[in-house]
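Next comes work.txt, a file with compact mmCIF, C-alpha atoms.
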# COMPACT_ATOMS: atom_id res chain seq x y z
CA MET A 1123 -49.20 12.06 -84.76
CA GLN A 1124 -50.16 15.59 -83.78
CA ASN A 1125 -52.50 14.29 -81.06
CA THR A 1126 -49.70 12.10 -79.71
CA PHE A 1127 -47.37 15.09 -79.49
CA ILE A 1128 -50.05 17.16 -77.72
CA ARG A 1129 -50.69 14.40 -75.16
CA ILE A 1130 -46.97 13.90 -74.46
CA LYS A 1131 -46.46 17.65 -74.17
CA ALA A 1132 -49.33 17.92 -71.66
CA LEU A 1133 -47.94 15.11 -69.49
CA ILE A 1134 -44.40 16.56 -69.64
CA LYS A 1135 -45.83 19.91 -68.49
CA LYS A 1136 -47.60 18.11 -65.64
CA GLU A 1137 -44.31 16.43 -64.61
CA PHE A 1138 -42.44 19.73 -64.53
CA LEU A 1139 -45.24 21.28 -62.45
CA ALA A 1140 -45.07 18.34 -60.02
CA ILE A 1141 -41.32 18.82 -59.69
CA PHE A 1142 -41.18 22.62 -59.38
CA LYS A 1143 -44.53 23.72 -57.93
CA ASP A 1144 -43.27 23.33 -54.36
CA PRO A 1145 -40.65 26.02 -53.43
CA LYS A 1146 -38.91 23.47 -51.21
CA ASN A 1147 -38.49 21.12 -54.18
CA ARG A 1148 -37.02 23.93 -56.27
CA ALA A 1149 -34.53 24.75 -53.54
CA LEU A 1150 -33.56 21.10 -53.11
CA ILE A 1151 -32.93 20.66 -56.83
CA ILE A 1152 -30.90 23.84 -57.31
CA PHE A 1153 -28.81 24.42 -54.19
CA PRO A 1154 -27.71 21.02 -52.75
CA PRO A 1155 -25.77 19.93 -55.88
CA ILE A 1156 -23.77 23.18 -55.86
CA ILE A 1157 -23.19 22.99 -52.09
CA GLN A 1158 -22.08 19.35 -52.38
CA LEU A 1159 -19.72 20.27 -55.20
CA PHE A 1160 -17.91 22.78 -52.96
CA ILE A 1161 -17.87 20.40 -49.96
CA PHE A 1162 -16.49 17.46 -51.93
CA ALA A 1163 -13.93 19.63 -53.68
CA HIS A 1164 -12.44 20.87 -50.42
CA ALA A 1165 -13.04 18.10 -47.89
CA ILE A 1166 -12.23 14.74 -49.52
CA THR A 1167 -9.01 12.93 -50.30
CA LEU A 1168 -8.86 9.36 -51.64
CA GLU A 1169 -6.35 6.52 -51.59
CA VAL A 1170 -5.68 3.58 -53.90
CA ARG A 1171 -3.02 0.94 -53.76
CA ASN A 1172 -2.82 -1.73 -56.55
CA ILE A 1173 -1.01 -0.74 -59.73
CA ASP A 1174 -0.27 -2.05 -63.24
CA ILE A 1175 2.89 -0.88 -65.05
CA SER A 1176 3.96 -0.48 -68.68
CA VAL A 1177 7.73 -0.50 -69.25
CA LEU A 1178 9.63 0.78 -72.28
CA ASP A 1179 13.17 -0.54 -71.80
CA TYR A 1180 15.44 0.88 -74.52
CA SER A 1181 18.49 -0.34 -72.61
CA ASN A 1182 17.51 -4.00 -72.22
CA THR A 1183 20.58 -4.78 -70.15
CA GLN A 1184 21.29 -6.51 -66.87
CA TYR A 1185 20.90 -3.27 -64.92
CA SER A 1186 17.59 -2.28 -66.49
CA ARG A 1187 16.15 -5.80 -66.13
CA GLU A 1188 17.26 -5.89 -62.50
CA LEU A 1189 15.53 -2.56 -61.85
CA ILE A 1190 12.32 -3.79 -63.49
CA SER A 1191 12.48 -6.96 -61.40
CA ARG A 1192 12.36 -4.78 -58.27
CA PHE A 1193 8.95 -3.52 -59.40
CA HIS A 1194 7.87 -7.04 -60.30
CA ASN A 1195 8.76 -8.37 -56.84
CA SER A 1196 7.18 -5.46 -55.00
CA LYS A 1197 3.90 -6.00 -53.16
CA TRP A 1198 2.56 -2.73 -54.55
CA PHE A 1199 2.55 -3.70 -58.21
CA ARG A 1200 0.40 -6.34 -59.85
CA LYS A 1201 1.29 -6.67 -63.53
CA ILE A 1202 4.17 -5.45 -65.69
CA ARG A 1203 3.69 -5.01 -69.43
CA ASN A 1204 6.81 -4.74 -71.58
CA ARG A 1205 6.27 -2.37 -74.51
CA ASN A 1206 8.32 -1.72 -77.63
CA THR A 1207 7.19 1.79 -78.59
CA ILE A 1208 6.12 4.96 -76.83
CA SER A 1209 2.73 4.78 -78.58
CA GLU A 1210 2.02 1.38 -77.00
CA LEU A 1211 2.88 2.74 -73.55
CA LYS A 1212 0.77 5.86 -74.16
CA ASN A 1213 -2.16 3.71 -75.26
CA ASP A 1214 -1.95 1.65 -72.05
CA ILE A 1215 -2.18 4.76 -69.89
CA ASP A 1216 -4.85 6.40 -72.07
CA LEU A 1217 -7.10 3.33 -71.73
CA LYS A 1218 -6.22 2.87 -68.03
CA ASN A 1219 -4.68 -0.53 -68.67
CA SER A 1220 -1.68 0.77 -66.72
CA GLN A 1221 -1.43 3.42 -64.03
CA LEU A 1222 2.36 3.84 -64.32
CA GLY A 1223 4.78 4.12 -67.23
CA ILE A 1224 8.56 3.66 -66.96
CA ILE A 1225 10.95 4.63 -69.75
CA ILE A 1226 14.62 3.55 -69.47
CA GLN A 1227 17.03 5.17 -71.92
CA ASN A 1228 19.43 3.13 -74.09
CA ASP A 1229 22.52 4.55 -72.35
CA PHE A 1230 21.30 3.44 -68.90
CA ALA A 1231 23.88 0.65 -68.38
CA LYS A 1232 26.67 2.60 -70.06
CA LYS A 1233 26.38 5.51 -67.65
CA ILE A 1234 26.20 3.20 -64.64
CA ASN A 1235 29.40 1.48 -65.74
CA GLU A 1236 30.99 4.88 -66.29
CA LYS A 1237 29.87 5.88 -62.78
CA THR A 1238 28.01 8.90 -64.09
CA PRO A 1239 24.40 9.80 -63.21
CA THR A 1240 21.67 8.41 -65.47
CA LYS A 1241 17.96 9.11 -65.70
CA ILE A 1242 14.71 7.21 -66.01
CA LEU A 1243 11.30 8.67 -66.79
CA ILE A 1244 8.31 7.89 -64.57
CA ILE A 1245 4.88 8.63 -66.07
CA THR A 1246 1.73 8.62 -63.91
CA ASP A 1247 -1.95 9.02 -64.77
CA GLY A 1248 -2.94 12.41 -63.35
CA ARG A 1249 -6.64 11.74 -63.84
CA GLN A 1250 -6.48 9.79 -60.56
CA THR A 1251 -4.62 12.35 -58.46
CA ASN A 1252 -4.13 10.40 -55.24
CA SER A 1253 -3.15 7.30 -57.18
CA ALA A 1254 -0.57 9.30 -59.13
CA SER A 1255 0.99 10.66 -55.94
CA ILE A 1256 1.11 7.28 -54.24
CA ILE A 1257 2.44 5.49 -57.33
CA SER A 1258 5.13 8.13 -57.81
CA GLY A 1259 6.18 7.65 -54.17
CA TYR A 1260 6.40 3.87 -54.56
CA ALA A 1261 8.43 4.21 -57.76
CA ASN A 1262 10.80 6.72 -56.18
CA GLN A 1263 11.31 4.41 -53.21
CA ILE A 1264 12.14 1.38 -55.37
CA VAL A 1265 14.45 3.28 -57.71
CA GLY A 1266 16.08 5.08 -54.77
CA THR A 1267 16.84 1.77 -53.03
CA TYR A 1268 18.33 0.30 -56.22
CA SER A 1269 20.38 3.47 -56.78
CA SER A 1270 21.76 3.24 -53.23
CA GLU A 1271 22.84 -0.36 -53.83
CA LEU A 1272 24.66 0.65 -57.01
CA GLU A 1273 26.38 3.52 -55.20
CA LYS A 1274 27.68 1.11 -52.56
CA LYS A 1275 28.72 -1.44 -55.18
CA PHE A 1276 30.71 1.09 -57.26
CA ASN A 1277 31.70 3.28 -54.29
CA ILE A 1278 29.97 6.34 -55.74
CA LYS A 1279 29.13 9.27 -53.45
CA LYS A 1280 26.57 10.91 -55.71
CA SER A 1281 23.18 9.72 -56.92
CA THR A 1282 23.46 7.11 -59.66
CA ILE A 1283 19.88 7.25 -60.97
CA ASN A 1284 17.89 10.46 -61.20
CA ILE A 1285 14.13 10.18 -61.57
CA ILE A 1286 12.11 12.48 -63.80
CA THR A 1287 8.36 12.30 -63.10
CA ARG A 1288 5.64 13.38 -65.51
CA ASN A 1289 1.97 13.39 -64.51
CA TRP A 1290 -0.20 13.11 -67.60
CA PHE A 1291 -3.62 14.83 -67.83
CA ASN A 1292 -3.12 16.57 -64.46
CA PRO A 1293 0.47 17.84 -64.39
CA ASN A 1294 0.46 19.25 -60.84
CA ILE A 1295 -1.66 16.45 -59.31
CA GLU A 1296 -4.43 18.81 -58.23
CA TYR A 1297 -6.84 16.55 -56.37
CA LYS A 1298 -9.60 19.14 -56.90
CA TRP A 1299 -9.44 18.42 -60.63
CA PHE A 1300 -10.27 14.77 -60.03
CA LEU A 1301 -12.93 15.42 -57.39
CA THR A 1302 -14.77 18.26 -59.12
CA VAL A 1303 -15.02 16.45 -62.46
CA SER A 1304 -16.17 13.30 -60.66
CA MET A 1305 -18.87 15.42 -59.01
CA ILE A 1306 -20.42 16.08 -62.42
CA VAL A 1307 -21.22 12.39 -62.58
CA MET A 1308 -22.19 11.96 -58.93
CA LEU A 1309 -24.57 14.91 -58.69
CA SER A 1310 -26.13 14.17 -62.07
CA LEU A 1311 -26.72 10.63 -60.85
CA VAL A 1312 -28.49 11.81 -57.70
CA LEU A 1313 -30.83 14.19 -59.51
CA SER A 1314 -31.74 12.00 -62.47
CA LEU A 1315 -32.18 8.86 -60.37
CA LEU A 1316 -34.23 10.48 -57.62
CA LEU A 1317 -36.56 12.48 -59.88
CA SER A 1318 -37.27 9.52 -62.16
CA ALA A 1319 -37.68 7.06 -59.28
CA LEU A 1320 -40.26 9.30 -57.57
CA SER A 1321 -42.20 9.94 -60.77
CA ILE A 1322 -44.49 6.89 -60.94
CA ALA A 1323 -44.39 6.22 -57.19
CA ARG A 1324 -45.77 9.72 -56.63
CA GLU A 1325 -48.66 8.98 -59.01
CA ARG A 1326 -49.48 5.80 -57.11
CA GLU A 1327 -49.29 7.51 -53.72
CA LEU A 1328 -51.56 10.36 -54.83
CA GLY A 1329 -54.03 7.97 -56.45
CA THR A 1330 -53.59 9.43 -59.96
CA PHE A 1331 -51.78 6.46 -61.52
CA GLU A 1332 -55.03 4.65 -62.35
CA GLN A 1333 -56.36 7.83 -63.97
CA LEU A 1334 -53.20 7.98 -66.05
CA MET A 1335 -53.68 4.38 -67.15
CA VAL A 1336 -57.24 4.97 -68.39
CA SER A 1337 -56.37 8.28 -70.09
CA PRO A 1338 -55.87 8.49 -73.89
CA LEU A 1339 -52.13 8.18 -73.32
CA ASN A 1340 -50.62 4.85 -74.34
CA ASN A 1341 -47.68 3.16 -72.59
CA ASP A 1342 -45.04 4.61 -74.91
CA GLU A 1343 -46.36 8.13 -74.47
CA ILE A 1344 -46.35 7.76 -70.68
CA LEU A 1345 -42.80 6.42 -70.78
CA ILE A 1346 -41.55 9.31 -72.94
CA ALA A 1347 -43.29 11.91 -70.78
CA LYS A 1348 -41.87 10.39 -67.59
CA THR A 1349 -38.36 10.21 -69.07
CA ILE A 1350 -37.89 13.71 -70.49
CA PRO A 1351 -38.36 15.98 -67.39
CA PRO A 1352 -35.77 14.30 -65.09
CA LEU A 1353 -33.44 14.00 -68.07
CA ILE A 1354 -33.67 17.74 -68.81
CA VAL A 1355 -33.32 18.79 -65.16
CA ALA A 1356 -30.27 16.55 -64.59
CA PHE A 1357 -28.69 17.62 -67.90
CA ILE A 1358 -29.04 21.33 -67.11
CA SER A 1359 -27.65 20.71 -63.62
CA GLY A 1360 -24.69 18.82 -65.10
CA ILE A 1361 -23.94 21.64 -67.55
CA VAL A 1362 -24.16 24.26 -64.78
CA ILE A 1363 -21.77 22.23 -62.60
CA THR A 1364 -19.40 21.85 -65.56
CA LEU A 1365 -19.37 25.63 -66.13
CA ILE A 1366 -18.68 26.22 -62.41
CA ILE A 1367 -15.76 23.80 -62.56
CA ILE A 1368 -14.32 25.44 -65.69
CA TYR A 1369 -14.72 29.09 -64.73
CA LEU A 1370 -14.65 29.06 -60.92
CA PHE A 1371 -12.34 26.13 -60.12
CA LYS A 1372 -10.24 26.82 -63.26
CA VAL A 1373 -10.09 23.15 -64.32
CA PRO A 1374 -9.29 23.21 -68.07
CA PHE A 1375 -11.65 21.39 -70.41
CA SER A 1376 -9.67 19.50 -73.06
CA GLY A 1377 -12.21 17.60 -75.15
CA SER A 1378 -15.04 18.01 -77.64
CA ILE A 1379 -18.10 19.90 -76.37
CA PHE A 1380 -20.31 18.01 -78.84
CA LEU A 1381 -19.11 14.58 -77.66
CA TYR A 1382 -19.42 15.72 -74.06
CA ILE A 1383 -23.06 16.79 -74.47
CA ILE A 1384 -24.06 13.67 -76.41
CA SER A 1385 -22.33 11.43 -73.86
CA MET A 1386 -24.02 13.17 -70.95
CA ILE A 1387 -27.47 12.82 -72.53
CA VAL A 1388 -27.00 9.10 -73.25
CA SER A 1389 -25.50 8.47 -69.80
CA LEU A 1390 -28.34 10.28 -68.03
CA LEU A 1391 -30.89 8.42 -70.15
CA SER A 1392 -29.50 5.09 -68.91
CA ILE A 1393 -29.71 6.32 -65.30
CA VAL A 1394 -33.27 7.62 -65.81
CA GLY A 1395 -34.10 4.16 -67.14
CA VAL A 1396 -32.85 2.65 -63.87
CA GLY A 1397 -34.89 5.22 -61.92
CA LEU A 1398 -38.09 4.44 -63.83
CA PHE A 1399 -37.44 0.73 -63.32
CA ILE A 1400 -37.18 1.34 -59.55
CA SER A 1401 -40.29 3.53 -59.67
CA SER A 1402 -42.28 0.86 -61.54
CA LEU A 1403 -41.62 -1.55 -58.63
CA ALA A 1404 -42.38 0.93 -55.82
CA PHE A 1405 -45.89 1.65 -54.52
CA THR A 1406 -44.93 4.65 -52.36
CA GLN A 1407 -42.35 7.43 -52.58
CA GLN A 1408 -40.68 6.06 -49.46
CA GLN A 1409 -40.11 2.72 -51.19
CA ALA A 1410 -38.76 4.56 -54.24
CA ILE A 1411 -36.27 6.51 -52.10
CA LEU A 1412 -35.12 3.29 -50.42
CA GLY A 1413 -34.69 1.75 -53.88
CA VAL A 1414 -32.58 4.74 -54.94
CA PHE A 1415 -30.30 4.36 -51.91
CA ALA A 1416 -30.04 0.61 -52.51
CA PHE A 1417 -28.80 1.23 -56.06
CA GLN A 1418 -26.83 4.43 -55.56
CA MET A 1419 -24.17 3.37 -53.06
CA PRO A 1420 -23.10 0.14 -54.85
CA ALA A 1421 -23.15 2.05 -58.16
CA VAL A 1422 -20.77 4.67 -56.75
CA LEU A 1423 -18.45 2.07 -55.22
CA LEU A 1424 -18.34 0.08 -58.48
CA SER A 1425 -17.85 3.13 -60.71
CA GLY A 1426 -14.11 3.56 -60.18
CA PHE A 1427 -14.62 6.72 -58.14
CA VAL A 1428 -13.40 5.31 -54.82
CA SER A 1429 -10.86 2.80 -56.15
CA PRO A 1430 -9.88 1.58 -59.64
CA ILE A 1431 -12.10 -1.16 -61.04
CA GLU A 1432 -8.98 -3.10 -62.05
CA ASP A 1433 -8.11 -3.56 -58.36
CA MET A 1434 -11.45 -5.14 -57.48
CA PRO A 1435 -12.05 -8.92 -57.30
CA LYS A 1436 -13.03 -10.40 -60.67
CA PHE A 1437 -16.62 -10.98 -59.56
CA PHE A 1438 -17.15 -7.29 -58.83
CA GLN A 1439 -15.41 -6.31 -62.05
CA TYR A 1440 -18.03 -8.32 -63.93
CA ILE A 1441 -20.83 -6.78 -61.86
CA SER A 1442 -19.49 -3.29 -62.57
CA SER A 1443 -19.95 -3.90 -66.31
CA LEU A 1444 -23.71 -3.61 -65.63
CA ASN A 1445 -23.25 -0.29 -63.84
CA PRO A 1446 -24.07 2.79 -65.98
CA LEU A 1447 -22.06 5.00 -63.62
CA ARG A 1448 -18.86 3.16 -64.56
CA TYR A 1449 -19.11 4.21 -68.21
CA PHE A 1450 -20.45 7.68 -67.37
CA MET A 1451 -17.43 8.30 -65.13
CA LEU A 1452 -14.95 6.95 -67.68
CA ILE A 1453 -16.36 8.99 -70.57
CA THR A 1454 -16.69 12.22 -68.57
CA LYS A 1455 -13.12 12.18 -67.26
CA GLY A 1456 -11.79 10.92 -70.59
CA ILE A 1457 -13.36 13.75 -72.60
CA TYR A 1458 -12.72 16.40 -69.96
CA PHE A 1459 -9.06 15.64 -69.24
CA LYS A 1460 -7.55 14.06 -72.35
CA ASN A 1461 -9.85 14.74 -75.30
CA MET A 1462 -11.00 11.13 -75.66
CA ASP A 1463 -11.48 10.24 -79.33
CA ALA A 1464 -14.95 9.59 -80.80
CA LEU A 1465 -14.37 5.85 -81.38
CA THR A 1466 -13.48 5.23 -77.70
CA VAL A 1467 -16.46 7.33 -76.60
CA ILE A 1468 -18.80 5.30 -78.82
CA LYS A 1469 -17.42 2.01 -77.46
CA ASN A 1470 -18.30 3.15 -73.94
CA LEU A 1471 -21.67 4.55 -74.98
CA ILE A 1472 -22.85 1.21 -76.38
CA PRO A 1473 -23.25 -0.42 -72.90
CA LEU A 1474 -25.13 2.70 -71.74
CA VAL A 1475 -27.52 2.45 -74.68
CA ILE A 1476 -28.11 -1.24 -73.92
CA ILE A 1477 -28.76 -0.48 -70.22
CA ALA A 1478 -31.19 2.30 -71.18
CA ILE A 1479 -33.08 0.05 -73.62
CA VAL A 1480 -33.35 -2.81 -71.12
CA THR A 1481 -34.44 -0.69 -68.12
CA LEU A 1482 -36.89 1.44 -70.10
CA SER A 1483 -38.36 -1.68 -71.72
CA ILE A 1484 -38.91 -3.25 -68.29
CA ALA A 1485 -40.56 -0.04 -67.05
CA ARG A 1486 -42.83 0.00 -70.13
CA TRP A 1487 -43.73 -3.65 -69.58
CA SER A 1488 -44.62 -2.82 -65.98
CA PHE A 1489 -46.93 0.01 -67.14
CA LYS A 1490 -48.61 -2.32 -69.59
CA ARG A 1491 -49.10 -5.10 -67.03
CA GLN A 1492 -50.63 -2.74 -64.49
CA ALA A 1493 -52.87 -1.17 -67.12
CA GLU A 1494 -54.23 -4.61 -67.99

Target format structure tokens, applied to this file:
Amino acid sequence: MQNTFIRIKALIKKEFLAIFKDPKNRALIIFPPIIQLFIFAHAITLEVRNIDISVLDYSNTQYSRELISRFHNSKWFRKIRNRNTISELKNDIDLKNSQLGIIIQNDFAKKINEKTPTKILIITDGRQTNSASIISGYANQIVGTYSSELEKKFNIKKSTINIITRNWFNPNIEYKWFLTVSMIVMLSLVLSLLLSALSIARERELGTFEQLMVSPLNNDEILIAKTIPPLIVAFISGIVITLIIIYLFKVPFSGSIFLYIISMIVSLLSIVGVGLFISSLAFTQQQAILGVFAFQMPAVLLSGFVSPIEDMPKFFQYISSLNPLRYFMLITKGIYFKNMDALTVIKNLIPLVIIAIVTLSIARWSFKRQAE
């Protein structure tokens, strides 16, 4: 056991030396993620269009049902869920089953009949800042049109329905909150994937892979030693970026630090597994880099970063369930913004653990086959 530890330690040391011995490599690992964080935070805005709604209709009258039907018949909205309690509506938004919540008070019809102003509550998911702004605009337009029709019908010269909007998890819809927290995932992906993908390909290109195979190290020891360095580098980078976001960008952290750290480690392990899988197939570093690009862009597009997964065609929704970035993104924003509970975190960590086991097992099998 002691000899195993010594061998793994020696190979880990060799991996760190290979990563950091070149000053250019050190600069590329440290500075680009921070530079990209600032660029993305200030230069990008995103749009999204399809929306699911949860409705809590305390009034349940002709007027409230007619208003809800306006949302149902709108081209902007896809599905309307009728809820009986505020906890059900909250759960829908927490789990991203709905991007919009509407609460209609029980005196809604009474006040319309009395020709006095009434109110409805619009709730948006502030974790997706652009979505929240767009959804709020759509809702205001629909309610405003319905209110105008009622004003003409009852010959009222003042607004019949007043809208109160609440943006959960990001009250002021600061798009920097969404972008900077998303960058934790994106930049961690780039570092962990690239470093792990180049690991074995670099050995092959330098002609040292065969020496590694005939060394006292067994396949499991090689796999562990190749996994730990990129995992540590990406984890430290992710923590540094998180601290920059908290203290420099002033984005409040709402969740459990312990859950956040554990989730980041497991998420990065699944990505390192993908990187080692790519590296086990590549014979040169150039091939490994091409493999990284081939995986990275679809992974980002299918992660929910650009547009909600719920708005994608069913086929791509199924494909996205194999994407570790999807769960990494969901967990990171869930813990950061709304203090996601441990049970929900664990449910989303299970697919990441499975992905890590499968990809690392394939990489180990590849080592073994080449050694034989």

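From CA of Thr1246 (chain A) back to CA of Leu1222 (chain A), the distance works out to 4.8 Å.
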
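The nearest approach to Ile1346 (chain A) among the residues A:Leu1398, A:Leu1403, A:Leu1309, A:Val1467, with all atoms listed in the file taken into account, belongs to A:Leu1398.
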
(request) State, in Å with one decimal place, the distance from CA of Phe1138 (chain A) to CA of Ile1387 (chain A). (result) 18.3 Å

(request) In the coordinate frame of the file, compute which residues have an atom within 9 Å of (-41.7, 3.6, -54.7) when using all atoms listed in the file, and state them as an NGL selection string. (result) :A and (1319-1324 or 1326-1327 or 1400-1413)

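One finds CA of Ser1359 (chain A) at 18.5 Å from CA of Lys1372 (chain A).
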
Assuming 5 Å of padding per side, give the centre and edge lengths of the axis-aligned box around every listed atom of region 1253-1267 of chain A, in Å to one decimal and as AutoDock Vina command-line options.
--center_x 6.8 --center_y 6.0 --center_z -56.1 --size_x 30.0 --size_y 19.3 --size_z 16.1

(message) Residues near Ile1306 (chain A), anyone? I mean within 7 Å using only C-alpha atoms, not counting same-chain ones fewer than 2 positions away, as a list in words.
(response) Thr1302, Val1303, Ser1304, Met1308, Leu1309, Ser1310, Gly1360, Ile1363 and Thr1364 of chain A

(request) List the residues sitting within 10 Å of (-17.3, 7.3, -64.8) in the file's frame, using all atoms listed in the file, as a PyMOL selection string. (result) chain A and resi 1303-1304+1306-1308+1389+1422+1424-1427+1445-1456

(message) Could you check the closest approach to Val1396 (chain A) for each of A:Asn1213, A:Gly1223, A:Gln1418, A:Lys1275 and tell me which residue wins, using only C-alpha atoms?
(response) A:Gln1418

(message) Need to verify the contact set: Leu1345 (chain A), 8 Å, only C-alpha atoms, exclusion of same-chain residues closer than 5 positions in sequence. Can you return it as number ranges by chain?
(response) A: 1482, 1485-1486

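Checking A:Phe1380, A:Trp1299, A:Phe1438, A:Phe1357 one by one against Ala1464 (chain A), counting only C-alpha atoms, you find the shortest gap at A:Phe1380.
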
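Residue nearest Ser1255 (chain A) within the list A:Ile1468, A:Gln1221, A:Gln1184, A:Asp1179: A:Gln1221 [criterion: smallest interatomic distance, only C-alpha atoms].
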
Please reconstruct the missing atoms of region 1410-1432 of chain A (target: N, CA and C atoms) and return them as a short mmCIF file (atom, residue, chain, number, x, y, z; two decimals), keeping the file's coordinate frame.
data_model
loop_
_atom_site.label_atom_id
_atom_site.label_comp_id
_atom_site.auth_asym_id
_atom_site.auth_seq_id
_atom_site.Cartn_x
_atom_site.Cartn_y
_atom_site.Cartn_z
N ALA A 1410 -39.59 4.10 -53.13
CA ALA A 1410 -38.76 4.56 -54.24
C ALA A 1410 -37.44 5.13 -53.75
N ILE A 1411 -37.49 5.93 -52.67
CA ILE A 1411 -36.27 6.51 -52.10
C ILE A 1411 -35.35 5.41 -51.57
N LEU A 1412 -35.92 4.42 -50.91
CA LEU A 1412 -35.12 3.29 -50.42
C LEU A 1412 -34.48 2.54 -51.59
N GLY A 1413 -35.24 2.39 -52.68
CA GLY A 1413 -34.69 1.75 -53.88
C GLY A 1413 -33.54 2.54 -54.47
N VAL A 1414 -33.66 3.87 -54.45
CA VAL A 1414 -32.58 4.74 -54.94
C VAL A 1414 -31.33 4.55 -54.11
N PHE A 1415 -31.46 4.55 -52.78
CA PHE A 1415 -30.30 4.36 -51.91
C PHE A 1415 -29.68 2.98 -52.11
N ALA A 1416 -30.54 1.97 -52.31
CA ALA A 1416 -30.04 0.61 -52.51
C ALA A 1416 -29.21 0.49 -53.78
N PHE A 1417 -29.55 1.26 -54.79
CA PHE A 1417 -28.80 1.23 -56.06
C PHE A 1417 -27.61 2.18 -56.03
N GLN A 1418 -27.80 3.34 -55.43
CA GLN A 1418 -26.83 4.43 -55.56
C GLN A 1418 -25.48 4.10 -54.95
N MET A 1419 -25.44 3.61 -53.72
CA MET A 1419 -24.17 3.37 -53.06
C MET A 1419 -23.34 2.29 -53.76
N PRO A 1420 -23.91 1.11 -54.09
CA PRO A 1420 -23.10 0.14 -54.85
C PRO A 1420 -22.65 0.68 -56.21
N ALA A 1421 -23.53 1.48 -56.86
CA ALA A 1421 -23.15 2.05 -58.16
C ALA A 1421 -21.95 2.96 -58.03
N VAL A 1422 -21.90 3.77 -56.97
CA VAL A 1422 -20.77 4.67 -56.75
C VAL A 1422 -19.50 3.87 -56.45
N LEU A 1423 -19.62 2.87 -55.59
CA LEU A 1423 -18.45 2.07 -55.22
C LEU A 1423 -17.89 1.29 -56.40
N LEU A 1424 -18.76 0.88 -57.33
CA LEU A 1424 -18.34 0.08 -58.48
C LEU A 1424 -18.09 0.93 -59.72
N SER A 1425 -18.03 2.24 -59.56
CA SER A 1425 -17.85 3.13 -60.71
C SER A 1425 -16.39 3.46 -60.99
N GLY A 1426 -15.50 3.14 -60.06
CA GLY A 1426 -14.11 3.56 -60.18
C GLY A 1426 -13.82 4.87 -59.50
N PHE A 1427 -14.82 5.45 -58.83
CA PHE A 1427 -14.62 6.72 -58.14
C PHE A 1427 -13.78 6.54 -56.87
N VAL A 1428 -14.10 5.54 -56.09
CA VAL A 1428 -13.40 5.31 -54.82
C VAL A 1428 -12.08 4.59 -55.05
N SER A 1429 -12.09 3.54 -55.85
CA SER A 1429 -10.86 2.80 -56.15
C SER A 1429 -10.97 2.26 -57.58
N PRO A 1430 -9.84 2.06 -58.25
CA PRO A 1430 -9.88 1.58 -59.64
C PRO A 1430 -10.59 0.23 -59.76
N ILE A 1431 -11.37 0.09 -60.82
CA ILE A 1431 -12.10 -1.16 -61.04
C ILE A 1431 -11.13 -2.33 -61.22
N GLU A 1432 -9.96 -2.06 -61.81
CA GLU A 1432 -8.98 -3.10 -62.05
C GLU A 1432 -8.47 -3.74 -60.76
#
